[in-house]
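Asker: Let me begin by handing over the structure; questions about it come next.
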Amino acid sequence: MPQSPISDQVIAAYRSANYRVESSGKPFVLRIDRYSEPLSRLFASSGHQCAAFVTAFNPWGEPQGSDANLAASACLLDRLRQVPGGEDRVIAGMGCDPRGIWTEEKSFLVLGLELDASKMLGREFDQNAVVWAGTDAIPRLILLR
């Protein structure tokens with residue numbers, strides 16, 4: 001599929017989304033450009049200093065059927081398990097539109113995934129963007145095209 005610019009409407013939807021992390025402690029929500037105390041605590045307890053929130057749902061922002069999205073998500077999870085320490089670094093999550101316009105997207109928080117690796121992973125699964133946070137525990141929207 002050609003890589004056209006991402007519309008302002010889609011970028012706004014990404015920015016307003018709730019990125020829910022199903023942490024084994026207490027689940028929490030990441031918001032773009034807002035400090036996350038739970039993420040900071042997770043970094044401290046895990047020894048990691050960064051994380052990416054990624055999905056394989058709806059490549060290029062084009063809605064797919066449930067079967068296609070679930071199959072893509074299973075491939076992403078298999079790929080994440082190949083990362084050294086993958087099982088211990090991957091936490092299930094869900095991208096949620098608070099307005100309910102976009103359907104929820106099964107996602108994963110990957111601890112210790114550096115920015116460049118996060119971008120490569122997002123591009124590998126034909127995503128418009130990934131969410132990435134560094135030591136400041138502030139999730140940032142990283143556009144990939």
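Labeling convention for the structure tokens: chains A, B, ... as they appear, residues from 1 per chain, ligands from 1 in order of appearance.
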How would you write, as a ChimeraX atom specification, the set of residues in region 22-102 of chain A that DSSP gives as helix (DSSP H, G or I)?

Answerer: /A:37-46,59-61,66-81,86-89

Asker: Okay, now the selection with C-alpha atoms, as a PDB file, in the first residue's frame?

Answerer:
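Contents of selection36.pdb, as written:
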```pdb
ATOM      1  CA  GLU A  37       3.597   7.585  37.484  1.00  0.00           C
ATOM      2  CA  PRO A  38       2.639   3.891  37.042  1.00  0.00           C
ATOM      3  CA  LEU A  39       4.971   3.623  34.051  1.00  0.00           C
ATOM      4  CA  SER A  40       7.765   5.274  36.026  1.00  0.00           C
ATOM      5  CA  ARG A  41       7.243   2.746  38.839  1.00  0.00           C
ATOM      6  CA  LEU A  42       7.249  -0.083  36.302  1.00  0.00           C
ATOM      7  CA  PHE A  43      10.560   1.171  34.912  1.00  0.00           C
ATOM      8  CA  ALA A  44      12.012   1.284  38.428  1.00  0.00           C
ATOM      9  CA  SER A  45      10.811  -2.195  39.373  1.00  0.00           C
ATOM     10  CA  SER A  46      11.793  -3.830  36.069  1.00  0.00           C
ATOM     11  CA  PRO A  59      -2.322  -1.744   9.101  1.00  0.00           C
ATOM     12  CA  TRP A  60      -1.890   1.799   7.700  1.00  0.00           C
ATOM     13  CA  GLY A  61      -4.936   2.788   9.777  1.00  0.00           C
ATOM     14  CA  SER A  66     -11.574  -9.283  13.405  1.00  0.00           C
ATOM     15  CA  ASP A  67      -9.925 -12.466  12.072  1.00  0.00           C
ATOM     16  CA  ALA A  68      -7.252 -10.517  10.172  1.00  0.00           C
ATOM     17  CA  ASN A  69      -6.520  -8.287  13.161  1.00  0.00           C
ATOM     18  CA  LEU A  70      -6.284 -11.201  15.598  1.00  0.00           C
ATOM     19  CA  ALA A  71      -3.978 -13.103  13.219  1.00  0.00           C
ATOM     20  CA  ALA A  72      -1.744 -10.038  12.840  1.00  0.00           C
ATOM     21  CA  SER A  73      -1.684  -9.595  16.623  1.00  0.00           C
ATOM     22  CA  ALA A  74      -0.654 -13.239  17.087  1.00  0.00           C
ATOM     23  CA  CYS A  75       2.201 -12.687  14.608  1.00  0.00           C
ATOM     24  CA  LEU A  76       3.280  -9.585  16.525  1.00  0.00           C
ATOM     25  CA  LEU A  77       3.276 -11.494  19.809  1.00  0.00           C
ATOM     26  CA  ASP A  78       5.371 -14.269  18.223  1.00  0.00           C
ATOM     27  CA  ARG A  79       7.781 -11.614  16.967  1.00  0.00           C
ATOM     28  CA  LEU A  80       7.995  -9.997  20.425  1.00  0.00           C
ATOM     29  CA  ARG A  81       8.792 -13.354  21.988  1.00  0.00           C
ATOM     30  CA  GLY A  86      10.692 -11.268  25.384  1.00  0.00           C
ATOM     31  CA  GLU A  87       8.273 -13.111  27.647  1.00  0.00           C
ATOM     32  CA  ASP A  88       9.252 -11.018  30.666  1.00  0.00           C
ATOM     33  CA  ARG A  89       9.279  -7.747  28.747  1.00  0.00           C
TER      34      ARG A  89
END
```

Asker: If we count only C-alpha atoms and set the cut-off at 7 Å, which residues sit around Leu113 (chain A), ignoring sequence neighbours fewer than 4 positions away in its own chain? Please answer as a VMD selection string.

Answerer: chain A and resid 50 to 52 117 to 118

Asker: Expressed in Å to a single decimal, how great is the separation between CA of Glu114 (chain A) and CA of Val21 (chain A)?

Answerer: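 Straight-line distance from CA of Glu114 (chain A) to CA of Val21 (chain A) works out to 18.3 Å.
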
Asker: Please extract the residues of chain A with a backbone DSSP assignment of strand (DSSP E) and present them as a VMD selection string.

Answerer: chain A and resid 18 to 21 28 to 30 51 to 55 90 to 96 105 to 111 129 to 133 140 to 143

Asker: Output the selection as an mmCIF file, in the first residue's frame - N, CA and C atoms for each residue.

Answerer:
```cif
data_model
loop_
_atom_site.group_PDB
_atom_site.id
_atom_site.type_symbol
_atom_site.label_atom_id
_atom_site.label_comp_id
_atom_site.auth_asym_id
_atom_site.auth_seq_id
_atom_site.Cartn_x
_atom_site.Cartn_y
_atom_site.Cartn_z
ATOM 1 N N ASN A 18 -6.696 6.209 24.754
ATOM 2 C CA ASN A 18 -6.215 5.663 26.020
ATOM 3 C C ASN A 18 -5.454 4.392 25.689
ATOM 4 N N TYR A 19 -4.223 4.310 26.135
ATOM 5 C CA TYR A 19 -3.382 3.141 25.899
ATOM 6 C C TYR A 19 -3.311 2.370 27.209
ATOM 7 N N ARG A 20 -4.198 1.381 27.341
ATOM 8 C CA ARG A 20 -4.362 0.644 28.592
ATOM 9 C C ARG A 20 -3.336 -0.481 28.694
ATOM 10 N N VAL A 21 -2.652 -0.531 29.835
ATOM 11 C CA VAL A 21 -1.641 -1.547 30.104
ATOM 12 C C VAL A 21 -2.193 -2.474 31.181
ATOM 13 N N PHE A 28 -3.140 0.202 34.210
ATOM 14 C CA PHE A 28 -3.081 1.657 34.129
ATOM 15 C C PHE A 28 -3.194 2.100 32.687
ATOM 16 N N VAL A 29 -3.423 3.388 32.503
ATOM 17 C CA VAL A 29 -3.621 3.973 31.175
ATOM 18 C C VAL A 29 -2.507 4.965 30.887
ATOM 19 N N LEU A 30 -1.945 4.855 29.688
ATOM 20 C CA LEU A 30 -0.980 5.830 29.198
ATOM 21 C C LEU A 30 -1.719 6.832 28.322
ATOM 22 N N ALA A 51 10.055 2.079 26.938
ATOM 23 C CA ALA A 51 9.053 1.096 26.531
ATOM 24 C C ALA A 51 8.326 1.604 25.297
ATOM 25 N N ALA A 52 7.802 0.649 24.538
ATOM 26 C CA ALA A 52 6.973 0.976 23.382
ATOM 27 C C ALA A 52 5.614 0.305 23.546
ATOM 28 N N PHE A 53 4.579 0.997 23.117
ATOM 29 C CA PHE A 53 3.221 0.449 23.082
ATOM 30 C C PHE A 53 2.916 0.236 21.610
ATOM 31 N N VAL A 54 2.743 -1.026 21.214
ATOM 32 C CA VAL A 54 2.607 -1.360 19.797
ATOM 33 C C VAL A 54 1.397 -2.252 19.552
ATOM 34 N N THR A 55 0.906 -2.198 18.320
ATOM 35 C CA THR A 55 -0.193 -3.051 17.871
ATOM 36 C C THR A 55 0.101 -3.511 16.457
ATOM 37 N N VAL A 90 7.079 -8.244 27.823
ATOM 38 C CA VAL A 90 5.852 -7.952 27.078
ATOM 39 C C VAL A 90 4.646 -8.001 28.014
ATOM 40 N N ILE A 91 3.870 -6.923 28.002
ATOM 41 C CA ILE A 91 2.666 -6.823 28.820
ATOM 42 C C ILE A 91 1.493 -6.529 27.888
ATOM 43 N N ALA A 92 0.434 -7.304 28.027
ATOM 44 C CA ALA A 92 -0.748 -7.108 27.180
ATOM 45 C C ALA A 92 -1.355 -5.732 27.421
ATOM 46 N N GLY A 93 -1.967 -5.208 26.383
ATOM 47 C CA GLY A 93 -2.617 -3.913 26.490
ATOM 48 C C GLY A 93 -3.741 -3.779 25.486
ATOM 49 N N MET A 94 -4.326 -2.587 25.461
ATOM 50 C CA MET A 94 -5.443 -2.317 24.560
ATOM 51 C C MET A 94 -5.447 -0.829 24.234
ATOM 52 N N GLY A 95 -5.462 -0.510 22.958
ATOM 53 C CA GLY A 95 -5.649 0.869 22.537
ATOM 54 C C GLY A 95 -7.130 1.161 22.457
ATOM 55 N N CYS A 96 -7.588 2.198 23.152
ATOM 56 C CA CYS A 96 -9.025 2.475 23.264
ATOM 57 C C CYS A 96 -9.331 3.918 22.886
ATOM 58 N N GLU A 105 -8.065 -1.885 20.032
ATOM 59 C CA GLU A 105 -6.997 -2.597 19.349
ATOM 60 C C GLU A 105 -6.123 -3.322 20.363
ATOM 61 N N LYS A 106 -6.066 -4.641 20.250
ATOM 62 C CA LYS A 106 -5.178 -5.426 21.095
ATOM 63 C C LYS A 106 -3.753 -4.945 20.845
ATOM 64 N N SER A 107 -3.029 -4.704 21.928
ATOM 65 C CA SER A 107 -1.701 -4.107 21.837
ATOM 66 C C SER A 107 -0.793 -4.708 22.898
ATOM 67 N N PHE A 108 0.458 -4.267 22.882
ATOM 68 C CA PHE A 108 1.438 -4.753 23.843
ATOM 69 C C PHE A 108 2.359 -3.618 24.270
ATOM 70 N N LEU A 109 2.661 -3.570 25.563
ATOM 71 C CA LEU A 109 3.708 -2.700 26.069
ATOM 72 C C LEU A 109 4.965 -3.549 26.125
ATOM 73 N N VAL A 110 6.023 -3.074 25.462
ATOM 74 C CA VAL A 110 7.280 -3.822 25.402
ATOM 75 C C VAL A 110 8.339 -3.034 26.158
ATOM 76 N N LEU A 111 8.703 -3.538 27.325
ATOM 77 C CA LEU A 111 9.703 -2.871 28.159
ATOM 78 C C LEU A 111 11.088 -2.994 27.534
ATOM 79 N N ALA A 129 1.993 4.581 13.373
ATOM 80 C CA ALA A 129 2.668 5.174 14.525
ATOM 81 C C ALA A 129 2.855 4.118 15.612
ATOM 82 N N VAL A 130 3.741 4.446 16.534
ATOM 83 C CA VAL A 130 3.885 3.696 17.781
ATOM 84 C C VAL A 130 3.882 4.719 18.908
ATOM 85 N N VAL A 131 3.680 4.244 20.109
ATOM 86 C CA VAL A 131 3.788 5.098 21.288
ATOM 87 C C VAL A 131 5.064 4.668 22.005
ATOM 88 N N TRP A 132 5.913 5.632 22.343
ATOM 89 C CA TRP A 132 7.191 5.306 22.972
ATOM 90 C C TRP A 132 7.440 6.250 24.142
ATOM 91 N N ALA A 133 8.010 5.703 25.196
ATOM 92 C CA ALA A 133 8.366 6.503 26.370
ATOM 93 C C ALA A 133 9.792 6.179 26.788
ATOM 94 N N ARG A 140 5.081 9.275 24.080
ATOM 95 C CA ARG A 140 5.096 10.165 22.903
ATOM 96 C C ARG A 140 4.555 9.403 21.702
ATOM 97 N N LEU A 141 3.809 10.110 20.883
ATOM 98 C CA LEU A 141 3.327 9.544 19.631
ATOM 99 C C LEU A 141 4.452 9.674 18.606
ATOM 100 N N ILE A 142 4.901 8.546 18.071
ATOM 101 C CA ILE A 142 5.975 8.535 17.085
ATOM 102 C C ILE A 142 5.366 8.140 15.741
ATOM 103 N N LEU A 143 5.221 9.126 14.854
ATOM 104 C CA LEU A 143 4.666 8.869 13.522
ATOM 105 C C LEU A 143 5.703 8.170 12.671
#
```

Asker: Which is closest to Thr103 (chain A) among A:Asp136, A:Phe57, A:Leu121, A:Pro5, if we use only C-alpha atoms?

Answerer: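 Using only C-alpha atoms, Thr103 (chain A) sits closest to A:Phe57.
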
Asker: So that I can check the surroundings of Gln49 (chain A), please list as a list of chain:residue names every protein, DNA and RNA residue that reaches within 7 Å of it, counting only C-alpha atoms and ignoring chain neighbours fewer than 4 positions away.

Answerer: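 Close residues of Gln49 (chain A): A:Phe43, A:Gly112, A:Gly134, A:Thr135.
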